[in-house]
file start27.txt (compact mmCIF, C-alpha atoms)
# COMPACT_ATOMS: atom_id res chain seq x y z
CA MET G 19 -103.02 -40.91 48.24
CA GLU G 20 -102.36 -38.35 50.91
CA GLN G 21 -98.76 -38.12 49.82
CA ILE G 22 -100.09 -37.18 46.45
CA ALA G 23 -102.53 -34.74 48.03
CA SER G 24 -99.66 -33.14 49.94
CA ALA G 25 -97.70 -32.82 46.75
CA PHE G 26 -100.69 -31.19 45.12
CA ARG G 27 -101.00 -28.71 47.94
CA PHE G 28 -97.32 -27.99 47.60
CA ALA G 29 -97.68 -27.56 43.88
CA ARG G 30 -100.64 -25.24 44.41
CA ARG G 31 -98.43 -22.64 46.05
CA PRO G 32 -98.83 -19.26 44.36
CA GLU G 33 -95.60 -19.63 42.39
CA TYR G 34 -97.11 -22.61 40.67
CA PRO G 35 -100.66 -21.72 39.73
CA ALA G 36 -102.94 -24.57 38.81
CA GLY G 37 -103.07 -25.48 35.18
CA GLY G 38 -102.15 -28.45 33.09
CA SER G 39 -102.04 -31.94 34.44
CA ILE G 40 -99.74 -32.81 37.25
CA LYS G 41 -97.76 -36.00 37.50
CA VAL G 42 -96.46 -37.00 40.84
CA ASN G 43 -93.82 -39.63 41.31
CA LEU G 44 -93.24 -40.81 44.78
CA SER G 45 -90.01 -42.33 45.83
CA GLU G 46 -88.81 -43.10 49.30
CA SER G 47 -87.41 -39.70 50.11
CA CYS G 48 -88.45 -37.38 47.32
CA ILE G 49 -91.52 -36.07 45.60
CA HIS G 50 -91.10 -35.13 41.99
CA VAL G 51 -93.91 -32.99 40.72
CA SER G 52 -94.09 -32.25 37.07
CA ASP G 53 -96.75 -30.20 35.46
CA THR G 54 -97.16 -30.34 31.72
CA LYS G 55 -97.26 -26.56 31.76
CA ASP G 56 -94.94 -25.92 34.65
CA PRO G 57 -92.36 -28.65 34.77
CA LEU G 58 -90.80 -28.45 38.12
CA THR G 59 -89.05 -30.98 40.18
CA ILE G 60 -89.26 -30.49 43.85
CA VAL G 61 -86.59 -32.58 45.42
CA THR G 62 -87.77 -32.19 48.92
CA ARG G 63 -87.90 -34.85 51.54
CA LEU G 64 -91.52 -35.64 52.20
CA ASP G 65 -91.07 -35.19 55.92
CA THR G 66 -89.72 -31.69 55.39
CA ILE G 67 -93.07 -30.72 53.92
CA VAL G 68 -95.30 -32.35 56.45
CA PRO G 69 -94.02 -30.79 59.71
CA ILE G 70 -94.95 -27.37 58.27
CA MET G 71 -98.56 -28.54 58.54
CA SER G 72 -98.14 -29.55 62.13
CA THR G 73 -97.14 -26.03 63.16
CA ALA G 74 -100.75 -25.18 62.35
CA PHE G 75 -101.73 -27.04 65.48
CA ALA G 76 -99.12 -25.64 67.81
CA GLY G 77 -99.59 -23.00 70.44
CA SER G 78 -103.34 -22.93 70.69
CA VAL G 79 -104.30 -22.10 74.22
CA LEU G 80 -108.01 -22.66 73.77
CA SER G 81 -107.86 -26.01 72.05
CA ALA G 82 -105.04 -27.20 74.32
CA ALA G 83 -107.30 -26.57 77.31
CA LEU G 84 -110.14 -28.47 75.69
CA PHE G 85 -108.36 -31.51 74.29
CA GLY G 86 -105.27 -33.56 74.87
CA GLN G 87 -102.43 -33.05 72.46
CA THR G 88 -103.06 -36.08 70.24
CA ARG G 89 -106.82 -35.69 70.06
CA ARG G 90 -106.46 -32.01 69.25
CA ALA G 91 -103.95 -32.67 66.46
CA ILE G 92 -106.12 -35.39 64.93
CA LEU G 93 -109.33 -33.39 65.15
CA ALA G 94 -107.60 -30.29 63.81
CA LEU G 95 -106.31 -32.23 60.82
CA LEU G 96 -109.47 -34.17 60.02
CA TYR G 97 -111.94 -31.36 60.74
CA GLY G 98 -109.62 -28.80 59.16
CA HIS G 99 -109.70 -30.83 55.92
CA PRO G 100 -113.10 -32.53 56.13
CA ASP G 101 -113.12 -33.53 52.47
CA GLN G 102 -109.93 -35.57 52.76
CA SER G 103 -109.30 -38.99 54.18
CA TYR G 104 -106.05 -40.17 55.67
CA TYR G 105 -104.63 -43.60 56.30
CA LEU G 106 -103.18 -44.04 59.76
CA ARG G 107 -99.47 -43.68 59.05
CA ASN G 108 -100.13 -40.64 56.97
CA LEU G 109 -102.36 -39.13 59.64
CA VAL G 110 -99.63 -39.73 62.21
CA ARG G 111 -97.02 -38.06 60.06
CA THR G 112 -99.15 -35.11 58.98
CA ALA G 113 -100.54 -34.38 62.44
CA GLY G 114 -97.14 -34.93 64.02
CA VAL G 115 -98.37 -37.34 66.70
CA GLY G 116 -97.17 -40.68 68.06
CA LEU G 117 -98.41 -43.91 66.48
CA GLY G 118 -99.62 -45.63 69.65
CA ALA G 119 -101.51 -42.60 70.94
CA ALA G 120 -102.98 -41.98 67.49
CA GLN G 121 -104.24 -45.59 67.28
CA ARG G 122 -106.05 -45.23 70.61
CA GLU G 123 -107.53 -41.86 69.62
CA VAL G 124 -108.81 -42.87 66.19
CA LYS G 125 -110.47 -45.90 67.80
CA ARG G 126 -112.25 -43.79 70.40
CA LEU G 127 -113.19 -41.11 67.89
CA SER G 128 -114.48 -43.57 65.31
CA ASP G 129 -116.35 -45.63 67.95
CA ALA G 130 -118.08 -42.40 68.96
CA GLY G 131 -118.90 -41.58 65.31
CA ILE G 132 -116.88 -38.37 65.38
CA ILE G 133 -114.65 -39.64 62.62
CA ARG G 134 -115.42 -42.15 59.89
CA ARG G 135 -113.36 -45.26 59.37
CA THR G 136 -113.42 -46.82 55.91
CA VAL G 137 -111.57 -49.82 54.62
CA SER G 138 -110.33 -49.87 51.07
CA GLY G 139 -108.33 -52.91 50.06
CA ASN G 140 -105.84 -53.44 52.86
CA GLN G 141 -105.80 -49.76 53.83
CA VAL G 142 -107.90 -48.13 56.56
CA PHE G 143 -108.83 -44.51 56.02
CA TYR G 144 -110.04 -41.93 58.54
CA GLN G 145 -112.04 -38.82 57.77
CA ALA G 146 -114.23 -36.30 59.60
CA ASN G 147 -117.74 -37.71 59.78
CA PRO G 148 -120.28 -35.29 58.30
CA LYS G 149 -123.09 -37.37 59.84
CA CYS G 150 -121.80 -36.75 63.35
CA PRO G 151 -124.43 -34.68 65.19
CA VAL G 152 -121.78 -32.16 66.27
CA PHE G 153 -119.92 -32.10 62.94
CA GLY G 154 -120.60 -28.38 62.31
CA GLU G 155 -119.75 -27.38 65.87
CA LEU G 156 -116.49 -29.32 65.87
CA LYS G 157 -115.50 -27.95 62.51
CA GLY G 158 -116.15 -24.41 63.73
CA LEU G 159 -114.24 -25.08 66.93
CA MET G 160 -111.24 -26.37 65.03
CA VAL G 161 -111.18 -23.49 62.55
CA LYS G 162 -111.42 -20.98 65.37
CA THR G 163 -108.93 -22.55 67.73
CA ALA G 164 -106.56 -25.04 66.21
CA GLY G 165 -106.51 -24.36 62.50
CA VAL G 166 -106.39 -21.38 60.18
CA ALA G 167 -107.23 -18.78 62.81
CA ASP G 168 -104.34 -19.81 65.02
CA VAL G 169 -101.81 -19.58 62.23
CA LEU G 170 -103.10 -16.17 61.19
CA ARG G 171 -103.18 -14.90 64.78
CA ALA G 172 -99.54 -15.90 65.21
CA ALA G 173 -98.59 -14.30 61.89
CA LEU G 174 -100.23 -10.99 62.84
CA ALA G 175 -98.88 -11.02 66.40
CA PRO G 176 -95.79 -8.86 65.65
CA LEU G 177 -98.11 -6.13 64.34
CA ALA G 178 -100.85 -6.64 66.94
CA ALA G 179 -100.12 -3.41 68.83
CA GLN G 180 -100.93 -1.42 65.69
CA ILE G 181 -104.02 -3.42 64.76
CA ARG G 182 -107.38 -2.51 66.23
CA LEU G 183 -109.38 -5.30 64.69
CA ALA G 184 -108.69 -8.31 62.47
CA PHE G 185 -111.02 -11.09 61.47
CA ILE G 186 -111.59 -13.80 58.88
CA TYR G 187 -114.71 -13.42 56.78
CA GLY G 188 -116.11 -15.15 53.71
CA SER G 189 -116.18 -18.87 53.04
CA VAL G 190 -113.71 -19.90 55.74
CA ALA G 191 -115.56 -17.93 58.41
CA ASN G 192 -118.96 -19.28 57.46
CA LEU G 193 -117.51 -22.79 57.44
CA ALA G 194 -118.45 -23.45 53.82
CA GLN G 195 -114.76 -23.93 53.16
CA ARG G 196 -113.23 -26.73 51.29
CA SER G 197 -109.51 -27.26 51.57
CA ALA G 198 -108.84 -25.02 48.62
CA SER G 199 -110.88 -22.02 49.82
CA ASP G 200 -109.03 -18.73 49.86
CA VAL G 201 -108.91 -17.09 53.27
CA ASP G 202 -110.34 -13.55 53.33
CA VAL G 203 -108.93 -11.44 56.15
CA MET G 204 -110.05 -7.96 57.18
CA VAL G 205 -107.51 -5.84 59.06
CA VAL G 206 -108.25 -2.43 60.60
CA GLY G 207 -105.35 -0.37 61.89
CA GLU G 208 -102.10 1.35 61.11
CA PRO G 209 -100.09 -1.27 59.16
CA SER G 210 -99.97 -0.87 55.40
CA PHE G 211 -101.34 -3.46 53.00
CA GLY G 212 -97.73 -4.28 52.13
CA GLU G 213 -96.80 -4.92 55.76
CA ILE G 214 -99.81 -7.18 56.21
CA VAL G 215 -98.97 -9.10 53.02
CA SER G 216 -95.41 -9.60 54.28
CA ALA G 217 -96.58 -10.71 57.72
CA LEU G 218 -99.05 -13.18 56.24
CA GLY G 219 -96.66 -14.55 53.60
CA PRO G 220 -95.26 -17.41 55.70
CA ALA G 221 -98.79 -18.27 56.92
CA GLN G 222 -99.87 -18.59 53.31
CA GLU G 223 -97.15 -21.16 52.79
CA THR G 224 -97.91 -22.98 56.06
CA LEU G 225 -101.58 -23.29 55.24
CA ALA G 226 -100.97 -23.89 51.52
CA ARG G 227 -103.83 -21.51 50.87
CA GLU G 228 -104.20 -18.11 49.32
CA ILE G 229 -104.74 -15.42 51.94
CA ASN G 230 -106.42 -12.27 50.68
CA PRO G 231 -106.13 -9.40 53.13
CA THR G 232 -108.15 -6.18 52.99
CA VAL G 233 -106.59 -3.42 55.03
CA TYR G 234 -108.41 -0.35 56.30
CA SER G 235 -107.21 2.57 58.35
CA LEU G 236 -109.27 3.14 61.48
CA ALA G 237 -110.62 6.45 60.13
CA GLU G 238 -111.73 4.98 56.80
CA PHE G 239 -113.27 1.93 58.44
CA LYS G 240 -115.30 4.10 60.81
CA SER G 241 -116.43 6.51 58.14
CA LYS G 242 -117.42 3.75 55.72
CA LEU G 243 -119.34 1.93 58.45
CA LYS G 244 -121.14 5.14 59.26
CA ALA G 245 -121.99 5.69 55.60
CA GLY G 246 -123.36 2.14 55.32
CA HIS G 247 -120.76 1.14 52.72
CA HIS G 248 -122.17 -1.93 50.94
CA PHE G 249 -119.09 -4.18 50.89
CA LEU G 250 -118.26 -3.51 54.56
CA SER G 251 -121.89 -3.90 55.60
CA ALA G 252 -122.04 -7.29 53.89
CA VAL G 253 -118.80 -8.37 55.55
CA ILE G 254 -119.90 -7.11 58.97
CA GLY G 255 -123.28 -8.78 58.60
CA GLY G 256 -121.73 -12.14 57.72
CA GLU G 257 -119.93 -14.69 59.82
CA LYS G 258 -116.59 -13.69 61.27
CA VAL G 259 -113.77 -15.38 63.14
CA PHE G 260 -111.97 -12.77 65.20
CA LEU G 261 -108.17 -12.77 65.21
CA ILE G 262 -107.56 -9.51 67.02
CA GLY G 263 -110.34 -7.68 68.89
CA ASP G 264 -113.91 -8.94 69.13
CA GLU G 265 -117.55 -8.19 68.39
CA HIS G 266 -117.56 -5.63 71.19
CA GLU G 267 -114.64 -3.77 69.62
CA LEU G 268 -116.40 -3.85 66.28
CA ARG G 269 -119.46 -2.26 67.87
CA ARG G 270 -117.28 0.41 69.44
CA LEU G 271 -115.96 1.27 65.98
CA GLY G 272 -119.53 1.93 64.92
CA ALA G 273 -120.91 -1.31 63.50
CA LYS G 274 -124.64 -1.08 64.01
CA ARG G 275 -125.92 -4.08 62.17
CA LEU G 276 -124.35 -7.00 63.93
CA GLY G 277 -124.11 -10.43 62.44
CA LYS G 278 -124.53 -13.59 64.37
CA PRO G 279 -121.86 -13.95 67.01
CA ALA G 280 -118.83 -15.69 65.53
CA MET U 329 -84.90 -20.17 36.67
CA SER U 330 -83.90 -18.31 33.52
CA PHE U 331 -85.83 -16.98 30.53
CA GLU U 332 -84.67 -20.05 28.61
CA ASP U 333 -86.57 -22.16 31.17
CA TRP U 334 -89.56 -19.89 30.81
CA VAL U 335 -89.63 -20.37 27.06
CA ARG U 336 -89.26 -24.13 27.47
CA ASN U 337 -92.15 -24.14 29.93
CA GLY U 338 -94.32 -22.11 27.60
CA TRP U 339 -94.51 -19.22 30.07
CA ALA U 340 -92.95 -16.72 27.67
CA SER U 341 -91.88 -16.46 24.07
CA GLN U 342 -88.98 -14.64 22.50
CA HIS U 343 -89.91 -11.34 21.03
CA LYS U 344 -88.04 -8.78 18.98
CA SER U 345 -88.84 -5.53 20.72
CA THR U 346 -88.43 -2.05 19.36
CA ARG U 347 -87.70 1.23 21.03
CA GLU U 348 -91.15 2.50 19.95
CA GLU U 349 -92.84 -0.41 21.62
CA ILE U 350 -91.03 0.14 24.91
CA GLU U 351 -91.69 3.86 24.82
CA ARG U 352 -95.34 3.19 24.11
CA LEU U 353 -95.62 0.83 27.11
CA LEU U 354 -93.94 3.35 29.41
CA ALA U 355 -96.18 6.11 28.02
CA LEU U 356 -99.21 3.96 28.85
CA ALA U 357 -97.90 3.56 32.38
CA ASP U 358 -97.46 7.35 32.61
CA ARG U 359 -100.94 7.95 31.27
CA ASP U 360 -102.42 5.59 33.87
CA LEU U 361 -100.35 7.08 36.68
CA ALA U 362 -101.66 10.52 35.74
CA SER U 363 -105.23 9.21 35.45
CA CYS U 364 -105.24 7.59 38.86
CA ALA U 365 -104.24 10.91 40.43
CA THR U 366 -107.55 12.40 39.19
CA THR U 367 -109.59 13.61 42.13
CA GLY U 368 -113.04 12.24 42.75
CA LEU U 369 -112.36 8.77 41.31
CA ALA U 370 -113.90 5.79 43.09
CA THR U 371 -111.30 3.90 45.09
CA ASP U 372 -111.72 0.70 43.05
CA TRP U 373 -111.07 2.56 39.82
CA ARG U 374 -108.03 4.32 41.23
CA PHE U 375 -106.66 0.98 42.30
CA ALA U 376 -107.40 -0.69 38.96
CA ILE U 377 -105.78 2.12 36.96
CA ALA U 378 -102.65 2.11 39.15
CA TYR U 379 -102.45 -1.68 38.87
CA ASN U 380 -102.63 -1.35 35.11
CA ALA U 381 -99.79 1.20 35.18
CA ALA U 382 -97.61 -1.20 37.17
CA LEU U 383 -98.40 -4.02 34.77
CA GLN U 384 -97.41 -1.87 31.76
CA SER U 385 -94.08 -1.03 33.40
CA ALA U 386 -93.37 -4.71 34.09
CA THR U 387 -94.35 -5.55 30.50
CA ALA U 388 -91.94 -2.87 29.24
CA ALA U 389 -89.08 -4.44 31.20
CA LEU U 390 -89.98 -7.87 29.82
CA ALA U 391 -90.08 -6.49 26.26
CA ALA U 392 -86.68 -4.86 26.76
CA ALA U 393 -85.33 -8.25 27.82
CA GLY U 394 -86.70 -9.64 24.54
CA TYR U 395 -89.69 -11.63 25.75
CA ARG U 396 -93.45 -11.66 25.90
CA ALA U 397 -95.47 -13.45 28.58
CA SER U 398 -97.83 -16.26 27.60
CA HIS U 399 -101.56 -15.60 27.47
CA GLU U 400 -102.22 -18.18 30.12
CA ALA U 401 -101.76 -16.70 33.63
CA HIS U 402 -100.55 -13.59 31.81
CA HIS U 403 -100.61 -11.13 34.72
CA HIS U 404 -99.02 -13.65 37.06
CA ARG U 405 -96.18 -14.28 34.60
CA VAL U 406 -95.57 -10.60 33.93
CA ILE U 407 -95.33 -9.97 37.67
CA GLN U 408 -93.03 -12.94 38.32
CA SER U 409 -90.77 -11.91 35.40
CA LEU U 410 -89.67 -8.85 37.39
CA ALA U 411 -87.27 -11.14 39.26
CA LEU U 412 -85.54 -11.90 35.96
CA THR U 413 -85.68 -8.40 34.52
CA ILE U 414 -85.10 -5.71 37.15
CA GLY U 415 -83.98 -8.24 39.78
CA ALA U 416 -87.01 -7.47 41.95
CA SER U 417 -86.94 -8.83 45.50
CA ARG U 418 -89.26 -11.61 46.59
CA GLU U 419 -90.97 -9.06 48.80
CA LEU U 420 -91.73 -6.70 45.92
CA ILE U 421 -93.13 -9.53 43.83
CA ARG U 422 -95.21 -10.89 46.69
CA ARG U 423 -96.70 -7.44 47.21
CA PHE U 424 -97.47 -6.94 43.52
CA ASP U 425 -99.01 -10.41 43.35
CA ALA U 426 -101.16 -9.66 46.39
CA PHE U 427 -102.44 -6.57 44.59
CA ARG U 428 -103.22 -8.77 41.60
CA LYS U 429 -105.34 -11.05 43.74
CA LYS U 430 -107.48 -8.28 45.20
CA PRO U 431 -111.06 -8.80 44.07
CA ASN U 432 -111.40 -6.39 41.20
CA LEU U 433 -114.19 -4.49 39.56
CA SER U 434 -115.07 -7.14 37.03
CA SER U 435 -114.93 -10.16 39.31
CA TYR U 436 -116.88 -8.82 42.25
CA GLU U 437 -120.44 -7.78 41.73
CA MET U 438 -120.65 -5.53 44.74
CA GLY U 439 -117.56 -3.39 44.15
CA GLY U 440 -116.08 -1.21 46.89
CA THR U 441 -113.67 -3.92 48.04
CA ILE U 442 -110.59 -1.71 47.87
CA SER U 443 -109.73 0.57 50.77
CA GLU U 444 -108.27 4.08 50.41
CA LYS U 445 -105.09 2.79 52.00
CA GLU U 446 -104.76 0.03 49.42
CA ALA U 447 -105.46 2.32 46.45
CA GLY U 448 -102.85 4.79 47.75
CA GLU U 449 -100.28 2.03 48.17
CA MET U 450 -101.01 0.64 44.73
CA ALA U 451 -100.46 4.09 43.17
CA ALA U 452 -97.18 4.63 45.07
CA PHE U 453 -96.04 1.14 44.11
CA ALA U 454 -96.84 1.74 40.43
CA ALA U 455 -94.96 5.07 40.44
CA ASP U 456 -91.89 3.47 42.04
CA LEU U 457 -91.94 0.54 39.66
CA ARG U 458 -92.19 2.89 36.67
CA GLN U 459 -88.93 4.57 37.80
CA LEU U 460 -87.17 1.29 38.57
CA VAL U 461 -88.00 -0.13 35.16
CA GLU U 462 -86.86 2.93 33.24
CA ARG U 463 -83.59 3.08 35.17
CA TRP U 464 -82.99 -0.61 34.54
CA ILE U 465 -83.65 -0.32 30.78
CA ARG U 466 -81.32 2.69 30.54
CA GLU U 467 -78.58 0.79 32.35
CA LYS U 468 -78.90 -2.71 30.96
CA HIS U 469 -80.47 -2.21 27.57
CA GLN U 470 -78.77 0.80 26.11
CA GLU U 471 -79.62 -0.46 22.62
CA PHE U 472 -83.08 1.06 23.05
CA LYS U 473 -81.56 4.51 23.66
CA LEU U 474 -84.23 5.56 26.15
call {"tool": "encode", "arguments": {"input": "start27.txt", "output": "structure tokens"}}
result
Amino acid sequence: MEQIASAFRFARRPEYPAGGSIKVNLSESCIHVSDTKDPLTIVTRLDTIVPIMSTAFAGSVLSAALFGQTRRAILALLYGHPDQSYYLRNLVRTAGVGLGAAQREVKRLSDAGIIRRTVSGNQVFYQANPKCPVFGELKGLMVKTAGVADVLRAALAPLAAQIRLAFIYGSVANLAQRSASDVDVMVVGEPSFGEIVSALGPAQETLAREINPTVYSLAEFKSKLKAGHHFLSAVIGGEKVFLIGDEHELRRLGAKRLGKPA
Amino acid sequence: MSFEDWVRNGWASQHKSTREEIERLLALADRDLASCATTGLATDWRFAIAYNAALQSATAALAAAGYRASHEAHHHRVIQSLALTIGASRELIRRFDAFRKKPNLSSYEMGGTISEKEAGEMAAFAADLRQLVERWIREKHQEFKL
């Protein structure tokens, strides 16, 4: 199933907008996706798609300090896609972890109720457990440290010196996201919209999600904040996940009405 | 991917274009480019008008090539077709498509989602594209005698 889900995510890339029914044929080394509207055959080795996902979990200082490598990768995958379940081999491949270590981790995590283990036929599936008392906290932690935010931070890094403030807002920031949620990103600084779109292009492919940036110059951001501009006020008042800068920086730019700390 | 593939996929249909039609599309683009330079316009409107100008230019190129985009995902197709018409780079198309995805006036109840910077870039983009398309039609489709 997850192979099919991966193929769907692949097929959902912007070049292939959703529409029509999609048939997926799996063979040992290839996925063939054909859409009744958009017939396309992607002859790509499955394992050339999957490692792209695992880069989403690389290089996170915060989550690396909190969790061991395998636990972090598993939590990032399962809590980053809480509406999906994975069977073990698929989880191992997608998260890019070793089988033995993954077996130990999923046992500990499911014994603790952090992830849910379900048996269907002769397959065992693992999924984030929404009944876990710290489900919301873990999901937030993963989004902020090991998931989307990390990929976006890395993508914006080459432009960071010219960016005063960048944060995720909207459904991803307030953790209402499902896997298919678009990621809304606010950027304040010198780069043009075009430069930001180019910088975020590869991240869009890595995350298999639409990223919608809004780019303000510092002067316009300040003046609109001062004037109580309705769209910016709503964004500022909502949940945010900071990529560059922080709440303090936002206040310095003139945000009066502060939302809950992200 | 060629236009033959597009037709087979139902993304475009063949279309017998006329010089009048192409001139009309380019004139619409010019009208919109002039309109979005009007002072005192709200940023969202300026953006939307410039976006429309860019879309008309892309449609003109597609018409000159002898095709019309399908109704389904129409804007997306028109934008992607620039690779097959004027040979637009992936970068140009990605940028245009990102403009397309900006929340627009009709889909966002609160409005005001476009920054000055974005509206300015959209207008500059539309003006450049207008020139690129006309040059391409003059060079590659002399039958229209532009």
call {"tool": "atom_distance", "arguments": {"input": "start27.txt", "atom1": "atom CA of U:Phe427", "atom2": "atom CA of U:Arg405"}}
result
14.1 Å
call {"tool": "residues_around", "arguments": {"input": "start27.txt", "residues": "U:Ala389", "least_positions_apart": "6", "cutoff": "12 Å", "atoms": "all atoms listed in the file", "output": "PyMOL selection string"}}
result
chain U and resi 345+347+349-351+353-354+357+382-383+395-397+406-416+457-469+472
call {"tool": "atom_distance", "arguments": {"input": "start27.txt", "atom1": "atom CA of G:Leu236", "atom2": "atom CA of G:Gly212"}}
result
16.6 Å
call {"tool": "closest_residue", "arguments": {"input": "start27.txt", "among": "U:Ala381, U:Thr346, U:Glu444, U:Arg336", "to": "U:Ala362", "atoms": "only C-alpha atoms"}}
result
U:Ala381
call {"tool": "atom_distance", "arguments": {"input": "start27.txt", "atom1": "atom CA of U:Trp339", "atom2": "atom CA of U:Glu400"}}
result
7.8 Å
call {"tool": "interface_residues", "arguments": {"input": "start27.txt", "of": "chain U", "to": "chain G", "cutoff": "12 Å", "atoms": "only C-alpha atoms", "output": "ChimeraX atom specification"}}
result
/U:329,333-340,371-372,398,400-405,407-409,418-431,436-450,452-453
call {"tool": "closest_residue", "arguments": {"input": "start27.txt", "among": "U:Ala355, U:Ile377, U:Ala386, U:Ala393", "to": "U:Phe331", "atoms": "all atoms listed in the file"}}
result
U:Ala393
call {"tool": "residues_near_point", "arguments": {"input": "start27.txt", "point": "(-97.6, -12.4, 62.0)", "cutoff": "9 Å", "atoms": "all atoms listed in the file", "output": "JSON, numbers by chain"}}
result
{"G": [169, 170, 171, 172, 173, 174, 175, 176, 177, 178, 214, 216, 217, 218, 219, 220, 221]}
call {"tool": "residues_around", "arguments": {"input": "start27.txt", "residues": "stretch 97-108 of chain G", "least_positions_apart": "3", "cutoff": "6 Å", "atoms": "all atoms listed in the file", "output": "list in words"}}
result
Leu93, Ala94, Arg111, Thr112, Val142, Phe143, Tyr144, Gln145, Ala146, Lys157 and Ser197 of chain G
